[in-house]
Amino acid sequence: MSAVATHPIRTIAKRELSGYFASPVAFVFIVIFLLLSGFFTFMVAGFFERGEAGLLAFFSWHPWLYLFLVPAVGMRMWSEERRLGTIELLLTMPVTPWQAIVGKFFAAWAVVGLALVLTFPVVLTVNYLGNPDNGVIFAGYLGSFLMAGAYLAITAMTSAMTRNQVVSFIVSVVLALFLILAGWPPVTNMLTQWAPTWFVDGVAAFSVMTHFESIQKGVIDSRDILYFLSIIVFALFTTGVIIRAHRAG
Amino acid sequence: MIKVRNLKKTFGPKVAVDGVSFTVEKGEVLGFLGPNGAGKSTTMRMITGFIPPTDGEVTVGGHDIVAQPIAAKRLLGYLPENAPSYADMSVHGFLSFAAELRGLDGDARRKAVDRVIDMCFLEPVLHQSVETLSKGYRHRTCFAQSIIHDPEVLVLDEPTDGLDPNQKHEVRTLIRRMGEKKAIIFSTHILEEVEAVCSRAIIIDRGKIVANGTPKELKQRSEHAGAVTLRLLDGSGTSVKSRIDQLPGIERSVVVSESPLTVRAYPRKHDGSDELSKALGEVALKERWQIQELHTEEGRLDEVFRNITLPDTETSKGEKE
C-alpha cells in the first residue's frame with residue numbers, strides 16, 4: 001500500500017464520471033443542452049434583435065432547461081445502485097456514506113459544468129459583436145452552475161428514495177418546479193392579491209428565480225451563494241439520512 | 001477474527017435474525033446453512049456493516065462494525081448475494097476501482113488486479129463490459145473484487161450460486177486453500193459443499209442457530225449414523241433379520257430390500273465404535289452368508305438438515321396463510 005492513497009471521494013467521482021461517459025447519458029445531456037440553449041437564446045429570446053451586449057437572453061432560460069435536463073442526469077445516481085445491488089458493495093468498502101454521496105454528486109455536477117463550459121461560443125459571439133461586461137457574464141455562469149448543483153442535489157435525494165429512475169426523475173422535476181415557481185413573477189403576482197407581503201416575500205425567498213436573477217445581473221451577493229449552497233448541503237444531508245434509513249430497514 | 005454476539009435484526013414486526021452468536025478464527029472456514037429466508041444473508045449483511053443490527057454486536061479483528069466501521073471494513077472482503085457489479089464497467093476497470101477504494105495505488109494496484117485475474121480465471125474477458133458477461137464470469141468478477149486486497153476475513157454469500165460444476169469445483173478449492181490463512185464465512189444451499197470445504201458448519205433456521213459443529217459431528221445427528229448396512233448375494237430377508245436381531249447391542253434391524261438382500265442394523269449405543277460391524281461380520285462368516293457389501297453409515301447431512309429445519313418451515317408456512 002502506497003503512502004498517499006487516492007482519496008475515496010476522488011475514486012468514486014472518477015468511476016461515476018466514466019459511467020456517465022460509458023453510457024450515452026453525458027453526451028445526450030450535453031448535446032441537448034447546447035441545442036436547446038442555442039435555440040432559446042437565438043430564436044425565442046431574439047438575441048440579435050435585442051441589440052444588447054449581454055447574455056441575459058441566454059441565462060434566463062437556464063432555470064427551465066435545467067428543470068428537465070438536470071434530473072435526467074442525476075436520476076440514476078442512487079437508484080441505479082439500488083437496482084443493481086451495487087450499493088451493498090459500495091457501502092461495505094472502507095468508505096463512509098458521505099464520501100460516496102459527495103463523490104457521486106461532484107461527478108454529476110462536473111458533467112453539467114462541462115456542458116456549461118461548452119457554451120463558450122456564445123461568450124465569444126457577444127464579445128465579437130459588442131463590448132459586454134464580462135464580469136456580469138462570469139456571474140451568470142457562476143449562478144447557473146450553482147443552480148444546477150442545487151437541482152442536482154435534490155435529484156440525488158430523490159434517487160436515493162427509490163430503485164426506479166423514472167420515479168426519481170418525476171419527483172425531482174416536481175420539487176425543482178416548486179423552487180422555480182415560488183418566485184416566478186406570475187405566481188408571486190397571484191399571491192400578492194390575497195396574501196400579506198411578508199408571506200409572498202417568504203415564499204419567493206425559497207425560489208431559485210429570485211436568487212438566480214440577482215446573480216445574473218452581475219450582483220454576486222453572499223446571500224444568494226449561501227442560498228444555493230445551503231440547498232445543496234441540505235439535500236445531500238437528506239440523501240444520507242434516506243440511505244441510512246433504507247439500510248436500517 | 002469474527003465475533004458475533006447475540007445478533008438481532010427485526011424488520012417491522014418480522015424477526016429476521018434472533019440472537020445469533022458465534023466466532024470464527026483464522027484458519028477456519030465456517031459454512032452457513034439454512035433454508036431460504038432463514039436469515040443467512042441478513043446476518044452476513046450485518047457482519048459486513050451494510051445494515052446495522054437491531055441489537056447485539058459484531059467485531060471484526062477486534063473492531064466493532066458499528067463504532068469503527070472503516071477499520072473493520074478494511075479487514076473484510078465481501079461477496080454479496082447475486083454478485084452485483086457495475087454493469088457499464090469493464091472487468092479490468094471494475095477490479096481497478098475496487099482496488100483503489102481499498103487504498104491500493106500504482107504498482108500495488110496493478111499487482112493486486114493481476115493476481116485476482118489469475119486466481120479467478122478472468123483473463124479472457126478482461127476488457128469486456130460486465131453486462132455482456134455470462135453469469136459465471138460475472139460471479140467470478142465479483143468474487144475477485146472480494147479478495148483483491150487479500151483480506152484476513154472473507155464473507156461470501158452463496159459463492160458457488162449459478163456456476164457450472166467445474167467452476168464450482170474451482171471456487172471450492174480456492175476457498176479451502178484460502179481458509180488456511182483466513183477466517184471465512186460462506187453460505188450455501190449445497191450440502192456436499194459444506195463437507196468438502198468447511199471446518200465447521202452452522203445451521204440457521206428462522207433467525208436462530210439450530211446446529212453448530214464440524215460436518216462430521218452434524219452428520220452423527222442423522223438417524224442412520226452408526227447403522228450398519230449389510231448386502232448379501234442370496235438368502236431370505238426374514239431369516240437373516242431374525243438372526244441379526246439376536247446379536248447383543250442391537251436396537252433393531254430393517255430389511256431395506258429383498259433383492260439384492262439388504263439389511264440395515266441399528267446399534268443401541270451411538271458411540272462411533274465398529275463393534276456392530278465386527279459382530280455382523282462374524283455372524284455372516286458363521287452362517288456362510290455371501291457378503292457383497294458391509295459398511296457403517298456416516299450419516300447424511302441433508303437428512304440432518306431436513307430433520308432440523310423441516311418442521312419449522314412447515315409451521316411458518318402455516319402462519320403465513
# chains A, B, ... in the order shown; residues from 1 in each chain; ligands from 1
>>> residues_around(residues="Ala72 (chain A)", least_positions_apart="4", cutoff="12 Å", atoms="only C-alpha atoms", output="number ranges by chain")
A: 20, 24-26, 28-30, 32-33, 65-68, 76-77, 108, 111-112, 148, 151-152, 154-156, 158-159, 165-173
>>> write_last_selection(atoms="N, CA and C atoms", output="JSON list (two decimals), in the first residue's frame")
[["chain", "number", "residue", "atom", "x", "y", "z"],
["A", 20, "TYR", "N", -20.84, 7.94, -16.66],
["A", 20, "TYR", "CA", -21.63, 8.89, -17.44],
["A", 20, "TYR", "C", -21.20, 8.88, -18.90],
["A", 24, "PRO", "N", -24.66, 6.73, -22.89],
["A", 24, "PRO", "CA", -24.85, 7.98, -23.64],
["A", 24, "PRO", "C", -25.34, 9.14, -22.77],
["A", 25, "VAL", "N", -25.56, 8.92, -21.48],
["A", 25, "VAL", "CA", -26.19, 9.96, -20.65],
["A", 25, "VAL", "C", -25.49, 11.31, -20.79],
["A", 26, "ALA", "N", -24.17, 11.32, -20.60],
["A", 26, "ALA", "CA", -23.45, 12.59, -20.61],
["A", 26, "ALA", "C", -23.54, 13.25, -22.00],
["A", 28, "VAL", "N", -25.75, 12.79, -24.44],
["A", 28, "VAL", "CA", -27.12, 13.24, -24.74],
["A", 28, "VAL", "C", -27.42, 14.52, -23.98],
["A", 29, "PHE", "N", -27.05, 14.55, -22.72],
["A", 29, "PHE", "CA", -27.31, 15.74, -21.93],
["A", 29, "PHE", "C", -26.61, 16.96, -22.53],
["A", 30, "ILE", "N", -25.33, 16.80, -22.82],
["A", 30, "ILE", "CA", -24.55, 17.94, -23.31],
["A", 30, "ILE", "C", -25.09, 18.43, -24.66],
["A", 32, "ILE", "N", -28.08, 17.98, -26.05],
["A", 32, "ILE", "CA", -29.42, 18.58, -25.95],
["A", 32, "ILE", "C", -29.36, 19.93, -25.24],
["A", 33, "PHE", "N", -28.55, 19.99, -24.21],
["A", 33, "PHE", "CA", -28.42, 21.27, -23.51],
["A", 33, "PHE", "C", -27.92, 22.36, -24.46],
["A", 65, "LEU", "N", -34.48, 25.06, -18.55],
["A", 65, "LEU", "CA", -33.74, 23.96, -19.19],
["A", 65, "LEU", "C", -33.31, 22.93, -18.16],
["A", 66, "TYR", "N", -32.78, 23.43, -17.06],
["A", 66, "TYR", "CA", -32.30, 22.53, -16.01],
["A", 66, "TYR", "C", -33.44, 21.72, -15.41],
["A", 67, "LEU", "N", -34.61, 22.32, -15.41],
["A", 67, "LEU", "CA", -35.76, 21.66, -14.79],
["A", 67, "LEU", "C", -35.89, 20.22, -15.27],
["A", 68, "PHE", "N", -35.69, 19.99, -16.57],
["A", 68, "PHE", "CA", -35.83, 18.63, -17.08],
["A", 68, "PHE", "C", -34.49, 17.93, -17.28],
["A", 76, "ARG", "N", -30.13, 8.57, -11.96],
["A", 76, "ARG", "CA", -29.58, 7.22, -11.78],
["A", 76, "ARG", "C", -28.60, 7.15, -10.61],
["A", 77, "MET", "N", -28.27, 8.29, -10.06],
["A", 77, "MET", "CA", -27.18, 8.38, -9.08],
["A", 77, "MET", "C", -27.26, 7.28, -8.02],
["A", 108, "ALA", "N", -21.53, 14.15, -11.14],
["A", 108, "ALA", "CA", -22.68, 14.61, -11.92],
["A", 108, "ALA", "C", -22.60, 16.12, -12.17],
["A", 111, "VAL", "N", -20.35, 16.95, -14.98],
["A", 111, "VAL", "CA", -20.95, 16.76, -16.31],
["A", 111, "VAL", "C", -21.72, 18.02, -16.71],
["A", 112, "VAL", "N", -22.52, 18.54, -15.77],
["A", 112, "VAL", "CA", -23.27, 19.76, -16.04],
["A", 112, "VAL", "C", -22.31, 20.92, -16.29],
["A", 148, "ALA", "N", -27.64, 24.67, -11.02],
["A", 148, "ALA", "CA", -27.61, 23.27, -11.48],
["A", 148, "ALA", "C", -27.24, 22.35, -10.32],
["A", 151, "TYR", "N", -30.30, 21.80, -8.10],
["A", 151, "TYR", "CA", -31.23, 20.83, -8.72],
["A", 151, "TYR", "C", -30.68, 19.41, -8.59],
["A", 152, "LEU", "N", -29.39, 19.31, -8.81],
["A", 152, "LEU", "CA", -28.74, 18.01, -8.82],
["A", 152, "LEU", "C", -28.77, 17.37, -7.42],
["A", 154, "ILE", "N", -30.97, 17.90, -5.21],
["A", 154, "ILE", "CA", -32.36, 17.46, -4.99],
["A", 154, "ILE", "C", -32.61, 16.14, -5.72],
["A", 155, "THR", "N", -32.04, 16.03, -6.91],
["A", 155, "THR", "CA", -32.20, 14.78, -7.66],
["A", 155, "THR", "C", -31.49, 13.62, -6.95],
["A", 156, "ALA", "N", -30.32, 13.92, -6.36],
["A", 156, "ALA", "CA", -29.61, 12.89, -5.60],
["A", 156, "ALA", "C", -30.51, 12.36, -4.49],
["A", 158, "THR", "N", -33.85, 12.46, -4.34],
["A", 158, "THR", "CA", -35.00, 11.66, -4.81],
["A", 158, "THR", "C", -34.53, 10.31, -5.35],
["A", 159, "SER", "N", -33.31, 10.26, -5.89],
["A", 159, "SER", "CA", -32.88, 8.98, -6.44],
["A", 159, "SER", "C", -32.49, 8.02, -5.33],
["A", 165, "GLN", "N", -35.72, 4.75, -11.65],
["A", 165, "GLN", "CA", -35.21, 6.02, -12.13],
["A", 165, "GLN", "C", -36.32, 6.97, -12.55],
["A", 166, "VAL", "N", -37.40, 6.44, -13.11],
["A", 166, "VAL", "CA", -38.49, 7.29, -13.58],
["A", 166, "VAL", "C", -39.14, 8.02, -12.42],
["A", 167, "VAL", "N", -39.37, 7.29, -11.34],
["A", 167, "VAL", "CA", -39.96, 7.90, -10.15],
["A", 167, "VAL", "C", -39.03, 9.00, -9.65],
["A", 168, "SER", "N", -37.75, 8.68, -9.60],
["A", 168, "SER", "CA", -36.77, 9.65, -9.14],
["A", 168, "SER", "C", -36.82, 10.90, -10.00],
["A", 169, "PHE", "N", -36.92, 10.72, -11.31],
["A", 169, "PHE", "CA", -36.97, 11.85, -12.26],
["A", 169, "PHE", "C", -38.19, 12.73, -11.99],
["A", 170, "ILE", "N", -39.35, 12.09, -11.92],
["A", 170, "ILE", "CA", -40.57, 12.87, -11.79],
["A", 170, "ILE", "C", -40.60, 13.64, -10.47],
["A", 171, "VAL", "N", -40.24, 12.98, -9.38],
["A", 171, "VAL", "CA", -40.27, 13.65, -8.09],
["A", 171, "VAL", "C", -39.31, 14.84, -8.08],
["A", 172, "SER", "N", -38.13, 14.66, -8.67],
["A", 172, "SER", "CA", -37.18, 15.78, -8.63],
["A", 172, "SER", "C", -37.64, 16.92, -9.54],
["A", 173, "VAL", "N", -38.29, 16.61, -10.66],
["A", 173, "VAL", "CA", -38.82, 17.68, -11.51],
["A", 173, "VAL", "C", -39.87, 18.48, -10.74]]
>>> residues_around(residues="Ile225 (chain A)", least_positions_apart="3", cutoff="10 Å", atoms="only C-alpha atoms", output="PDB file with N, CA and C atoms, in the first residue's frame")
ATOM      1  N   LEU A 142     -21.566  31.523 -12.940  1.00  0.00           N
ATOM      2  CA  LEU A 142     -21.468  31.047 -11.563  1.00  0.00           C
ATOM      3  C   LEU A 142     -22.851  30.707 -11.014  1.00  0.00           C
ATOM      4  N   GLY A 143     -23.785  31.647 -11.237  1.00  0.00           N
ATOM      5  CA  GLY A 143     -25.139  31.424 -10.746  1.00  0.00           C
ATOM      6  C   GLY A 143     -25.770  30.205 -11.391  1.00  0.00           C
ATOM      7  N   LEU A 146     -24.276  27.053  -9.911  1.00  0.00           N
ATOM      8  CA  LEU A 146     -24.778  26.800  -8.553  1.00  0.00           C
ATOM      9  C   LEU A 146     -26.217  26.303  -8.589  1.00  0.00           C
ATOM     10  N   MET A 147     -26.996  26.886  -9.488  1.00  0.00           N
ATOM     11  CA  MET A 147     -28.391  26.475  -9.590  1.00  0.00           C
ATOM     12  C   MET A 147     -28.478  25.014 -10.044  1.00  0.00           C
ATOM     13  N   HIS A 211     -33.003  34.311  -6.526  1.00  0.00           N
ATOM     14  CA  HIS A 211     -31.568  34.356  -6.281  1.00  0.00           C
ATOM     15  C   HIS A 211     -30.765  34.331  -7.575  1.00  0.00           C
ATOM     16  N   PHE A 212     -31.283  33.579  -8.550  1.00  0.00           N
ATOM     17  CA  PHE A 212     -30.560  33.475  -9.802  1.00  0.00           C
ATOM     18  C   PHE A 212     -30.612  34.796 -10.551  1.00  0.00           C
ATOM     19  N   ILE A 215     -27.998  37.290  -9.290  1.00  0.00           N
ATOM     20  CA  ILE A 215     -26.631  36.932  -9.712  1.00  0.00           C
ATOM     21  C   ILE A 215     -26.457  37.221 -11.197  1.00  0.00           C
ATOM     22  N   ILE A 220     -22.965  39.557  -7.249  1.00  0.00           N
ATOM     23  CA  ILE A 220     -22.658  38.330  -6.524  1.00  0.00           C
ATOM     24  C   ILE A 220     -22.798  38.608  -5.037  1.00  0.00           C
ATOM     25  N   ASP A 221     -24.000  38.318  -4.549  1.00  0.00           N
ATOM     26  CA  ASP A 221     -24.321  38.560  -3.152  1.00  0.00           C
ATOM     27  C   ASP A 221     -24.073  37.267  -2.384  1.00  0.00           C
ATOM     28  N   SER A 222     -23.407  37.371  -1.236  1.00  0.00           N
ATOM     29  CA  SER A 222     -23.096  36.157  -0.479  1.00  0.00           C
ATOM     30  C   SER A 222     -24.372  35.424  -0.063  1.00  0.00           C
ATOM     31  N   PHE A 228     -27.904  28.842  -2.536  1.00  0.00           N
ATOM     32  CA  PHE A 228     -27.686  27.650  -3.364  1.00  0.00           C
ATOM     33  C   PHE A 228     -26.883  26.592  -2.603  1.00  0.00           C
ATOM     34  N   LEU A 229     -25.833  27.048  -1.906  1.00  0.00           N
ATOM     35  CA  LEU A 229     -25.008  26.087  -1.171  1.00  0.00           C
ATOM     36  C   LEU A 229     -25.819  25.393  -0.082  1.00  0.00           C
ATOM     37  N   SER A 230     -26.723  26.150   0.553  1.00  0.00           N
ATOM     38  CA  SER A 230     -27.470  25.514   1.635  1.00  0.00           C
ATOM     39  C   SER A 230     -28.477  24.509   1.077  1.00  0.00           C
TER      40      SER A 230
END
>>> interface_residues(of="chain B", to="chain A", cutoff="6 Å", atoms="only C-alpha atoms", output="list in words")
Phe11, Phe50, Ile51, Pro52, Ile70, Lys73, Arg74, Pro84, Ser85, Leu101, Gly103 and Leu104 of chain B
>>> closest_residue(among="A:Gln193, A:Asn134, A:Ser37, A:Ser214", to="Leu118 (chain A)", atoms="only C-alpha atoms")
A:Ser37
>>> atom_distance(atom1="CA of Asp118 (chain B)", atom2="CA of Glu195 (chain B)")
26.5 Å
>>> residues_around(residues="region 156-173 of chain B", least_positions_apart="2", cutoff="6 Å", atoms="only C-alpha atoms", output="PyMOL selection string")
chain B and resi 78-81+136+175-176+186-188
>>> residues_around(residues="Glu180 (chain B)", least_positions_apart="5", cutoff="10 Å", atoms="only C-alpha atoms", output="list in words")
Lys26, Gly27, Glu28, Val29 and Ile175 of chain B
>>> closest_residue(among="B:Pro151, B:Gly77, B:Gly213, B:Gly61", to="Arg200 (chain B)", atoms="only C-alpha atoms")
B:Gly213
>>> residues_around(residues="Ser242 (chain B)", least_positions_apart="5", cutoff="10 Å", atoms="only C-alpha atoms", output="MDAnalysis selection string")
chainID B and resid 237 247 253
>>> select_by_dssp(residues="region 5-90 of chain A", states="helix (DSSP H, G or I)", output="MDAnalysis selection string")
chainID A and resid 8:22 25:44 47:50 56:59 62:74 76:84 86:90
>>> write_last_selection(atoms="C-alpha atoms", output="PDB file, in the first residue's frame")
ATOM      1  CA  PRO A   8     -12.219   7.661  -1.789  1.00  0.00           C
ATOM      2  CA  ILE A   9     -14.208  10.709  -2.933  1.00  0.00           C
ATOM      3  CA  ARG A  10     -11.955  11.043  -5.950  1.00  0.00           C
ATOM      4  CA  THR A  11     -12.081   7.327  -6.711  1.00  0.00           C
ATOM      5  CA  ILE A  12     -15.867   7.296  -6.568  1.00  0.00           C
ATOM      6  CA  ALA A  13     -16.212  10.508  -8.592  1.00  0.00           C
ATOM      7  CA  LYS A  14     -13.866   9.120 -11.240  1.00  0.00           C
ATOM      8  CA  ARG A  15     -15.888   5.937 -11.534  1.00  0.00           C
ATOM      9  CA  GLU A  16     -19.136   7.856 -11.784  1.00  0.00           C
ATOM     10  CA  LEU A  17     -17.738  10.105 -14.482  1.00  0.00           C
ATOM     11  CA  SER A  18     -16.566   7.137 -16.515  1.00  0.00           C
ATOM     12  CA  GLY A  19     -20.055   5.705 -16.038  1.00  0.00           C
ATOM     13  CA  TYR A  20     -21.633   8.888 -17.445  1.00  0.00           C
ATOM     14  CA  PHE A  21     -19.430   8.751 -20.500  1.00  0.00           C
ATOM     15  CA  ALA A  22     -19.617   4.971 -20.971  1.00  0.00           C
ATOM     16  CA  VAL A  25     -26.185   9.958 -20.648  1.00  0.00           C
ATOM     17  CA  ALA A  26     -23.453  12.593 -20.615  1.00  0.00           C
ATOM     18  CA  PHE A  27     -23.366  13.040 -24.410  1.00  0.00           C
ATOM     19  CA  VAL A  28     -27.116  13.240 -24.738  1.00  0.00           C
ATOM     20  CA  PHE A  29     -27.314  15.739 -21.933  1.00  0.00           C
ATOM     21  CA  ILE A  30     -24.551  17.941 -23.315  1.00  0.00           C
ATOM     22  CA  VAL A  31     -25.828  17.901 -26.900  1.00  0.00           C
ATOM     23  CA  ILE A  32     -29.416  18.583 -25.952  1.00  0.00           C
ATOM     24  CA  PHE A  33     -28.420  21.273 -23.511  1.00  0.00           C
ATOM     25  CA  LEU A  34     -26.346  23.026 -26.161  1.00  0.00           C
ATOM     26  CA  LEU A  35     -29.026  22.704 -28.833  1.00  0.00           C
ATOM     27  CA  LEU A  36     -31.829  23.907 -26.610  1.00  0.00           C
ATOM     28  CA  SER A  37     -29.901  26.761 -25.051  1.00  0.00           C
ATOM     29  CA  GLY A  38     -28.905  27.883 -28.554  1.00  0.00           C
ATOM     30  CA  PHE A  39     -32.474  27.637 -29.765  1.00  0.00           C
ATOM     31  CA  PHE A  40     -33.932  29.588 -26.879  1.00  0.00           C
ATOM     32  CA  THR A  41     -31.237  32.240 -26.905  1.00  0.00           C
ATOM     33  CA  PHE A  42     -31.239  32.974 -30.603  1.00  0.00           C
ATOM     34  CA  MET A  43     -34.709  32.017 -31.790  1.00  0.00           C
ATOM     35  CA  VAL A  44     -37.049  32.514 -28.877  1.00  0.00           C
ATOM     36  CA  PHE A  47     -30.609  37.513 -29.020  1.00  0.00           C
ATOM     37  CA  PHE A  48     -29.680  39.529 -32.100  1.00  0.00           C
ATOM     38  CA  GLU A  49     -32.821  41.674 -32.189  1.00  0.00           C
ATOM     39  CA  ARG A  50     -32.258  42.804 -28.618  1.00  0.00           C
ATOM     40  CA  LEU A  56     -29.440  37.818 -20.255  1.00  0.00           C
ATOM     41  CA  ALA A  57     -31.263  36.150 -23.125  1.00  0.00           C
ATOM     42  CA  PHE A  58     -29.017  33.137 -22.690  1.00  0.00           C
ATOM     43  CA  PHE A  59     -29.116  32.739 -18.908  1.00  0.00           C
ATOM     44  CA  HIS A  62     -31.413  28.066 -17.694  1.00  0.00           C
ATOM     45  CA  PRO A  63     -33.820  27.519 -14.804  1.00  0.00           C
ATOM     46  CA  TRP A  64     -36.294  25.979 -17.273  1.00  0.00           C
ATOM     47  CA  LEU A  65     -33.742  23.963 -19.193  1.00  0.00           C
ATOM     48  CA  TYR A  66     -32.300  22.529 -16.005  1.00  0.00           C
ATOM     49  CA  LEU A  67     -35.756  21.663 -14.787  1.00  0.00           C
ATOM     50  CA  PHE A  68     -35.831  18.627 -17.082  1.00  0.00           C
ATOM     51  CA  LEU A  69     -32.233  18.067 -18.019  1.00  0.00           C
ATOM     52  CA  VAL A  70     -30.594  18.029 -14.590  1.00  0.00           C
ATOM     53  CA  PRO A  71     -32.948  15.418 -13.085  1.00  0.00           C
ATOM     54  CA  ALA A  72     -32.260  13.315 -16.198  1.00  0.00           C
ATOM     55  CA  VAL A  73     -28.560  13.385 -15.395  1.00  0.00           C
ATOM     56  CA  GLY A  74     -28.927  12.725 -11.693  1.00  0.00           C
ATOM     57  CA  ARG A  76     -29.576   7.225 -11.777  1.00  0.00           C
ATOM     58  CA  MET A  77     -27.184   8.381  -9.084  1.00  0.00           C
ATOM     59  CA  TRP A  78     -28.525   6.148  -6.304  1.00  0.00           C
ATOM     60  CA  SER A  79     -31.495   4.384  -7.837  1.00  0.00           C
ATOM     61  CA  GLU A  80     -29.183   2.517 -10.194  1.00  0.00           C
ATOM     62  CA  GLU A  81     -27.000   1.438  -7.262  1.00  0.00           C
ATOM     63  CA  ARG A  82     -30.067   0.119  -5.528  1.00  0.00           C
ATOM     64  CA  ARG A  83     -31.399  -1.616  -8.609  1.00  0.00           C
ATOM     65  CA  LEU A  84     -28.112  -3.365  -9.386  1.00  0.00           C
ATOM     66  CA  THR A  86     -24.002  -2.429  -6.035  1.00  0.00           C
ATOM     67  CA  ILE A  87     -24.922  -0.162  -3.131  1.00  0.00           C
ATOM     68  CA  GLU A  88     -24.184  -3.181  -0.940  1.00  0.00           C
ATOM     69  CA  LEU A  89     -20.748  -3.433  -2.500  1.00  0.00           C
ATOM     70  CA  LEU A  90     -20.030   0.271  -2.259  1.00  0.00           C
TER      71      LEU A  90
END
>>> select_by_dssp(residues="region 143-278 of chain B", states="strand (DSSP E)", output="PDB file with C-alpha atoms, in the first residue's frame")
ATOM      1  CA  VAL B 153     -11.702 -12.040   6.754  1.00  0.00           C
ATOM      2  CA  LEU B 154     -13.922 -13.174   3.905  1.00  0.00           C
ATOM      3  CA  VAL B 155     -17.685 -13.186   3.894  1.00  0.00           C
ATOM      4  CA  LEU B 156     -19.158 -14.959   0.887  1.00  0.00           C
ATOM      5  CA  ASP B 157     -22.878 -15.121   0.300  1.00  0.00           C
ATOM      6  CA  ALA B 183     -11.269 -16.519   8.573  1.00  0.00           C
ATOM      7  CA  ILE B 184     -14.028 -17.332   6.104  1.00  0.00           C
ATOM      8  CA  ILE B 185     -17.790 -17.446   6.396  1.00  0.00           C
ATOM      9  CA  PHE B 186     -19.786 -18.663   3.458  1.00  0.00           C
ATOM     10  CA  SER B 187     -23.395 -19.505   2.957  1.00  0.00           C
ATOM     11  CA  ARG B 200     -17.310 -26.053  10.862  1.00  0.00           C
ATOM     12  CA  ALA B 201     -20.936 -25.576   9.940  1.00  0.00           C
ATOM     13  CA  ILE B 202     -23.825 -23.677  11.441  1.00  0.00           C
ATOM     14  CA  ILE B 203     -27.409 -24.393  10.543  1.00  0.00           C
ATOM     15  CA  ILE B 204     -29.698 -21.443  10.970  1.00  0.00           C
ATOM     16  CA  ASP B 205     -33.462 -21.529  10.787  1.00  0.00           C
ATOM     17  CA  LYS B 208     -31.872 -18.889  15.194  1.00  0.00           C
ATOM     18  CA  ILE B 209     -28.874 -21.194  15.217  1.00  0.00           C
ATOM     19  CA  VAL B 210     -30.229 -24.744  15.406  1.00  0.00           C
ATOM     20  CA  ALA B 211     -26.976 -26.665  14.976  1.00  0.00           C
ATOM     21  CA  ASN B 212     -23.284 -25.818  15.252  1.00  0.00           C
ATOM     22  CA  GLY B 213     -20.434 -28.274  14.808  1.00  0.00           C
ATOM     23  CA  VAL B 228     -24.507 -50.907   9.589  1.00  0.00           C
ATOM     24  CA  THR B 229     -25.732 -51.900   6.150  1.00  0.00           C
ATOM     25  CA  LEU B 230     -25.237 -55.463   5.051  1.00  0.00           C
ATOM     26  CA  ARG B 231     -25.847 -56.603   1.481  1.00  0.00           C
ATOM     27  CA  LEU B 232     -25.833 -60.307   0.642  1.00  0.00           C
ATOM     28  CA  ILE B 250     -28.559 -54.188  18.593  1.00  0.00           C
ATOM     29  CA  GLU B 251     -31.590 -51.985  18.748  1.00  0.00           C
ATOM     30  CA  ARG B 252     -33.464 -53.046  15.666  1.00  0.00           C
ATOM     31  CA  SER B 253     -32.877 -54.039  12.074  1.00  0.00           C
ATOM     32  CA  VAL B 254     -34.721 -53.317   8.872  1.00  0.00           C
ATOM     33  CA  VAL B 255     -34.851 -55.182   5.589  1.00  0.00           C
ATOM     34  CA  VAL B 256     -34.241 -52.393   3.118  1.00  0.00           C
ATOM     35  CA  SER B 257     -34.704 -54.546   0.019  1.00  0.00           C
ATOM     36  CA  LEU B 261     -30.953 -58.622   0.072  1.00  0.00           C
ATOM     37  CA  THR B 262     -30.053 -55.540   2.059  1.00  0.00           C
ATOM     38  CA  VAL B 263     -30.448 -55.292   5.811  1.00  0.00           C
ATOM     39  CA  ARG B 264     -29.680 -52.302   7.953  1.00  0.00           C
ATOM     40  CA  ALA B 265     -28.916 -52.825  11.643  1.00  0.00           C
ATOM     41  CA  TYR B 266     -29.088 -50.010  14.186  1.00  0.00           C
ATOM     42  CA  PRO B 267     -26.901 -50.174  17.300  1.00  0.00           C
TER      43      PRO B 267
END
>>> atom_distance(atom1="CA of Thr197 (chain A)", atom2="CA of Ala182 (chain A)")
13.8 Å
>>> residues_around(residues="region 286-289 of chain B", least_positions_apart="3", cutoff="10 Å", atoms="only C-alpha atoms", output="PyMOL selection string")
chain B and resi 231-235+240+243+280-283+292
>>> atom_distance(atom1="CA of His92 (chain B)", atom2="CA of Ala112 (chain B)")
11.4 Å
>>> closest_residue(among="B:Ser239, B:Gln220, B:Thr309, B:Thr141", to="Arg206 (chain B)", atoms="only C-alpha atoms")
B:Thr309
